[in-house]
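Enquirer: Handing you this structure, nothing more for now.
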Amino acid sequence: MGLSLDVVMHTLSDLGNGPAQDLARLCEVAHVGRLGPEEAAIVGALLNLPAWAIAKIPTLDPGQAVWKVGPDYVDIVQTVISADEAQLTDTSSRRRMAQQALAVEQDTAAPAVDSDDDQDEEQSDDLFARTDPAGDDDGEWDWEMPPNVIDSRHFAAIEAAREGRCSEAADLAALGEREDITAHGINSIEAISWLSTRAKVAELCGNLDQAVQLRATVARMGNVEWFEQSADTSTSPQWHRGPQPTAPPLTGDAPSVRPRRRTWPYLAAIAALALAAGGVWQNAADGRQAQERQEQAAAYKGLSATELNVDGVQARISAKWSEDGRSVILSARVDWEENPKLVRIDSGDQTAQEKTAPLEPGQIPMPIRLEVKVPVKDRYQAVQMTVAVGGPSWKEGSRAPRRTIEFRPDRTAIDTGTGKQLKQYYSRLL
């Protein structure tokens, strides 16, 4: 009746046993968030997930899910939400309020100090430090995590690049950047620091032009205070280090300084929009590619055969893909009654040909059979074959008429000269 069903549950044990689990196996689209290893194994077995996806489920981050679309497409998808959506779904506001109240209480209870050294020592012992406001006048404060919590995501991305896993490193950096844009905003130091990490990843992977462009973007945005130099004499920046908590403002009679407004929000917005557009484009391209592969698999037959008339001679030609999808056998057959003088087939660097001679007394006429084997990258790749035939009036030394045919594994054949699809020929001999 054209109905659809959406089901949301915490674990598959909510389904119980029996027909409900059978319905789960029929789901066209499944989103699996973070689960424990035991529950992940149950889900993987029920939904027929690959081993790598089952192993990833217990380590998924907030907003991540293993998506299974159709019978074959499985991937890890990060949901990116807007600022309004983040405000509606924010479940950490009470934690930040508690941190803010604790920090204010500690500032109020702190004894007055007479020297700058004592004040610095007291500030270094403070657990919570307030970040630099983003320049808005709405009165909201943004609090970082305690300084003893280390953000290892930058280091993981760079280590992957150093080990030669460039694709994985780029994915880790892109994922971390989207997470920090969602959590802290596109103007935050956390989000901008990923540009530098991406630059380091690009440099380690040999993309020097991209690394220069990313670092120039950060420099133009005017947020370079976290480009720290190494402790040794090396001039290489420590790109893996994220922003460090800033010291709380001085209390007492010191005049308050109005926070400096940032001068690069438009550039940051453009960069974020470009990243979002690139992510949407990539996801759409991946979705189209997966859909094309599913359509190819559904239409796959592994055979294509047709008939041609070349120079007055009827020829039956065919292409048959191997079971492993690594090669294609191209063949041609011409009956003796067609009176051919020359038959030749070419595909890539493979060639086969035969010239006829008058029959000797008592000799039985046999059809001409030619065959070549060409390699292919996968079972869905189309192949082309040129068929040259010299008919009854063909003269030795002259160029024989020819036609080039493109065979496809879904029982279709296209004449490349005219672009028309040829009628399929079915025979027990093929």
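Identifiers for the structure tokens are assigned positionally: chains receive A, B, ... in sequence, residues are indexed from 1 per chain, and ligands are indexed from 1 in the order shown.
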Just the residues within 7 Å of Arg326 of chain A, please, counting only C-alpha atoms, with nothing from its chain fewer than 6 positions along; format it as a ChimeraX atom specification.
Expert: /A:375-379
Enquirer: I need the residues of segment 293-342 of chain A that end up classed as helix (DSSP H, G or I) by DSSP on the backbone, written out as a PDB file with N, CA, C and O atoms, in the first residue's frame.
Expert:
ATOM      1  N   ARG A 293      26.672   1.032  -8.704  1.00  0.00           N
ATOM      2  CA  ARG A 293      27.183  -0.327  -8.544  1.00  0.00           C
ATOM      3  C   ARG A 293      26.045  -1.315  -8.297  1.00  0.00           C
ATOM      4  O   ARG A 293      26.054  -2.439  -8.808  1.00  0.00           O
ATOM      5  N   GLN A 294      25.033  -0.901  -7.520  1.00  0.00           N
ATOM      6  CA  GLN A 294      23.894  -1.778  -7.285  1.00  0.00           C
ATOM      7  C   GLN A 294      23.122  -2.029  -8.571  1.00  0.00           C
ATOM      8  O   GLN A 294      22.688  -3.156  -8.842  1.00  0.00           O
ATOM      9  N   GLU A 295      22.951  -0.986  -9.378  1.00  0.00           N
ATOM     10  CA  GLU A 295      22.251  -1.158 -10.644  1.00  0.00           C
ATOM     11  C   GLU A 295      23.034  -2.067 -11.588  1.00  0.00           C
ATOM     12  O   GLU A 295      22.459  -2.909 -12.298  1.00  0.00           O
ATOM     13  N   GLN A 296      24.365  -1.907 -11.604  1.00  0.00           N
ATOM     14  CA  GLN A 296      25.189  -2.764 -12.452  1.00  0.00           C
ATOM     15  C   GLN A 296      25.099  -4.224 -12.006  1.00  0.00           C
ATOM     16  O   GLN A 296      25.018  -5.138 -12.833  1.00  0.00           O
ATOM     17  N   ALA A 297      25.111  -4.436 -10.685  1.00  0.00           N
ATOM     18  CA  ALA A 297      25.031  -5.805 -10.175  1.00  0.00           C
ATOM     19  C   ALA A 297      23.689  -6.442 -10.519  1.00  0.00           C
ATOM     20  O   ALA A 297      23.617  -7.631 -10.852  1.00  0.00           O
ATOM     21  N   ALA A 298      22.607  -5.655 -10.468  1.00  0.00           N
ATOM     22  CA  ALA A 298      21.290  -6.202 -10.769  1.00  0.00           C
ATOM     23  C   ALA A 298      21.153  -6.556 -12.247  1.00  0.00           C
ATOM     24  O   ALA A 298      20.466  -7.516 -12.603  1.00  0.00           O
ATOM     25  N   ALA A 299      21.815  -5.774 -13.119  1.00  0.00           N
ATOM     26  CA  ALA A 299      21.690  -6.003 -14.563  1.00  0.00           C
ATOM     27  C   ALA A 299      22.760  -6.940 -15.118  1.00  0.00           C
ATOM     28  O   ALA A 299      22.738  -7.263 -16.301  1.00  0.00           O
ATOM     29  N   TRP A 336      30.982 -21.044 -43.508  1.00  0.00           N
ATOM     30  CA  TRP A 336      31.666 -21.164 -44.789  1.00  0.00           C
ATOM     31  C   TRP A 336      30.767 -20.718 -45.935  1.00  0.00           C
ATOM     32  O   TRP A 336      31.233 -20.172 -46.943  1.00  0.00           O
ATOM     33  N   GLU A 337      29.458 -20.930 -45.811  1.00  0.00           N
ATOM     34  CA  GLU A 337      28.529 -20.567 -46.877  1.00  0.00           C
ATOM     35  C   GLU A 337      28.512 -19.067 -47.150  1.00  0.00           C
ATOM     36  O   GLU A 337      28.045 -18.630 -48.218  1.00  0.00           O
ATOM     37  N   GLU A 338      28.999 -18.253 -46.218  1.00  0.00           N
ATOM     38  CA  GLU A 338      29.054 -16.810 -46.426  1.00  0.00           C
ATOM     39  C   GLU A 338      30.161 -16.415 -47.405  1.00  0.00           C
ATOM     40  O   GLU A 338      30.253 -15.258 -47.820  1.00  0.00           O
TER      41      GLU A 338
END
Enquirer: Would you kindly return, as a PDB file with C-alpha atoms, in the first residue's frame, each protein, DNA or RNA residue with an atom no farther than 8 Å from any atom of segment 72-86 of chain A, considering only C-alpha atoms and excluding same-chain residues fewer than 4 positions away?
Expert:
ATOM      1  CA  LEU A  49      27.416  -6.060   8.567  1.00  0.00           C
ATOM      2  CA  ALA A  53      31.885  -2.075  10.796  1.00  0.00           C
ATOM      3  CA  GLY A  63      26.908  12.019  15.996  1.00  0.00           C
ATOM      4  CA  GLN A  64      28.524   9.052  14.225  1.00  0.00           C
ATOM      5  CA  ALA A  65      26.661   5.972  13.037  1.00  0.00           C
ATOM      6  CA  VAL A  66      27.241   2.955  10.851  1.00  0.00           C
ATOM      7  CA  TRP A  67      24.805   3.272   7.941  1.00  0.00           C
ATOM      8  CA  LYS A  68      23.682   0.308   5.890  1.00  0.00           C
ATOM      9  CA  ASP A  90      22.489  20.439  23.738  1.00  0.00           C
ATOM     10  CA  LEU A 175      35.875  14.480  11.077  1.00  0.00           C
ATOM     11  CA  ARG A 178      33.365  19.046  11.696  1.00  0.00           C
ATOM     12  CA  GLU A 179      33.011  18.004  15.344  1.00  0.00           C
ATOM     13  CA  THR A 182      29.540  21.881  15.614  1.00  0.00           C
ATOM     14  CA  ALA A 183      30.663  22.044  19.248  1.00  0.00           C
ATOM     15  CA  GLY A 185      31.463  27.301  16.195  1.00  0.00           C
ATOM     16  CA  ALA A 290      26.959   3.028  -4.640  1.00  0.00           C
ATOM     17  CA  GLN A 294      23.894  -1.778  -7.285  1.00  0.00           C
TER      18      GLN A 294
END
Enquirer: At what distance in Å, to one decimal, does atom CA of Ala219 of chain A lie from atom CA of Glu163 of chain A?
Expert: 27.9 Å
Enquirer: Just how far from atom CA of Lys56 of chain A is atom CA of Arg34 of chain A, in Å to one decimal?
Expert: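 Value for the atom CA of Arg34 of chain A-atom CA of Lys56 of chain A distance: 8.6 Å.
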Enquirer: Find the residues around Pro401 of chain A up to 8 Å (only C-alpha atoms counted), leave out those fewer than 5 positions away in its own chain, and share them as a ChimeraX atom specification.
Expert: /A:310-311,388-390
Enquirer: Only C-alpha atoms, please: the residues just picked out, written as a short mmCIF file (atom, residue, chain, number, x, y, z; two decimals), in the first residue's frame.
Expert:
data_model
loop_
_atom_site.label_atom_id
_atom_site.label_comp_id
_atom_site.auth_asym_id
_atom_site.auth_seq_id
_atom_site.Cartn_x
_atom_site.Cartn_y
_atom_site.Cartn_z
CA VAL A 310 30.33 -6.64 -42.88
CA ASP A 311 31.13 -6.52 -46.61
CA ALA A 388 37.25 -6.78 -40.13
CA VAL A 389 35.79 -8.98 -42.90
CA GLY A 390 36.82 -9.39 -46.51
#
Enquirer: If you count only C-alpha atoms, which residues fall within 9 Å of Asn339 of chain A, apart from same-chain ones fewer than 2 positions away, as a PyMOL selection string?
Expert: chain A and resi 313+334-337+341+356+391-392
Enquirer: With only C-alpha atoms as the counted atoms, please give the residues lying no more than 8 Å from segment 366-369 of chain A, apart from itself and same-chain residues fewer than 2 positions off, as an NGL selection string.
Expert: :A and (331-336 or 343 or 354 or 364 or 371)
Enquirer: Go ahead and save the picked residues with N, CA and C atoms, as a short mmCIF file (atom, residue, chain, number, x, y, z; two decimals), in the first residue's frame.
Expert:
data_model
loop_
_atom_site.label_atom_id
_atom_site.label_comp_id
_atom_site.auth_asym_id
_atom_site.auth_seq_id
_atom_site.Cartn_x
_atom_site.Cartn_y
_atom_site.Cartn_z
N SER A 331 34.91 -13.41 -29.23
CA SER A 331 34.96 -14.42 -30.28
C SER A 331 34.13 -13.97 -31.48
N ALA A 332 34.42 -14.58 -32.63
CA ALA A 332 33.68 -14.33 -33.87
C ALA A 332 33.54 -15.66 -34.62
N ARG A 333 32.38 -15.83 -35.26
CA ARG A 333 32.11 -17.05 -36.04
C ARG A 333 31.49 -16.65 -37.37
N VAL A 334 32.03 -17.18 -38.45
CA VAL A 334 31.51 -16.93 -39.79
C VAL A 334 31.36 -18.28 -40.48
N ASP A 335 30.17 -18.59 -40.97
CA ASP A 335 29.93 -19.85 -41.68
C ASP A 335 30.61 -19.84 -43.06
N TRP A 336 30.98 -21.04 -43.51
CA TRP A 336 31.67 -21.16 -44.79
C TRP A 336 30.77 -20.72 -45.93
N VAL A 343 38.80 -12.88 -42.26
CA VAL A 343 38.10 -12.52 -41.02
C VAL A 343 39.17 -12.20 -39.98
N GLU A 354 42.03 -15.06 -39.90
CA GLU A 354 42.11 -16.26 -40.73
C GLU A 354 41.71 -15.89 -42.15
N ILE A 364 35.79 -31.14 -46.09
CA ILE A 364 34.51 -30.67 -45.57
C ILE A 364 34.67 -29.21 -45.14
N GLU A 371 39.11 -16.19 -31.65
CA GLU A 371 38.91 -15.93 -30.22
C GLU A 371 40.13 -15.23 -29.64
#
Enquirer: When you draw a straight line from atom CA of Val29 of chain A to atom CA of Gly44 of chain A, how long is it in Å?
Expert: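 Going from atom CA of Val29 of chain A over to atom CA of Gly44 of chain A covers 13.9 Å.
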Enquirer: Determine, counting only C-alpha atoms, which protein, DNA and RNA residues have an atom within 6 Å of an atom of Phe407 of chain A; residues of the same chain fewer than 4 positions away are not included. Present the result as JSON, numbers by chain.
Expert: {"A": [382, 383, 413]}
Enquirer: Write the residues of the preceding selection, restricted to N, CA and C atoms, as a short mmCIF file (atom, residue, chain, number, x, y, z; two decimals), in the first residue's frame.
Expert:
data_model
loop_
_atom_site.label_atom_id
_atom_site.label_comp_id
_atom_site.auth_asym_id
_atom_site.auth_seq_id
_atom_site.Cartn_x
_atom_site.Cartn_y
_atom_site.Cartn_z
N ALA A 382 33.06 -2.49 -19.63
CA ALA A 382 32.74 -2.76 -21.03
C ALA A 382 34.03 -2.95 -21.82
N VAL A 383 33.94 -3.71 -22.93
CA VAL A 383 35.10 -3.97 -23.78
C VAL A 383 34.71 -3.71 -25.23
N ALA A 413 25.01 -4.49 -26.74
CA ALA A 413 26.14 -4.26 -27.64
C ALA A 413 25.85 -2.98 -28.43
#
Enquirer: With only C-alpha atoms as the atoms that count, which of A:Trp321, A:Trp194, A:Trp394, A:Tyr425 lies nearest to Glu307 of chain A?
Expert: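 Among A:Trp321, A:Trp194, A:Trp394, A:Tyr425, it is A:Tyr425 that comes nearest to Glu307 of chain A.
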Enquirer: Nearest to Glu396 of chain A among A:Gln421, A:Phe155, A:Ser167, A:Lys355, with distances taken over only C-alpha atoms: which residue is it?
Expert: A:Lys355
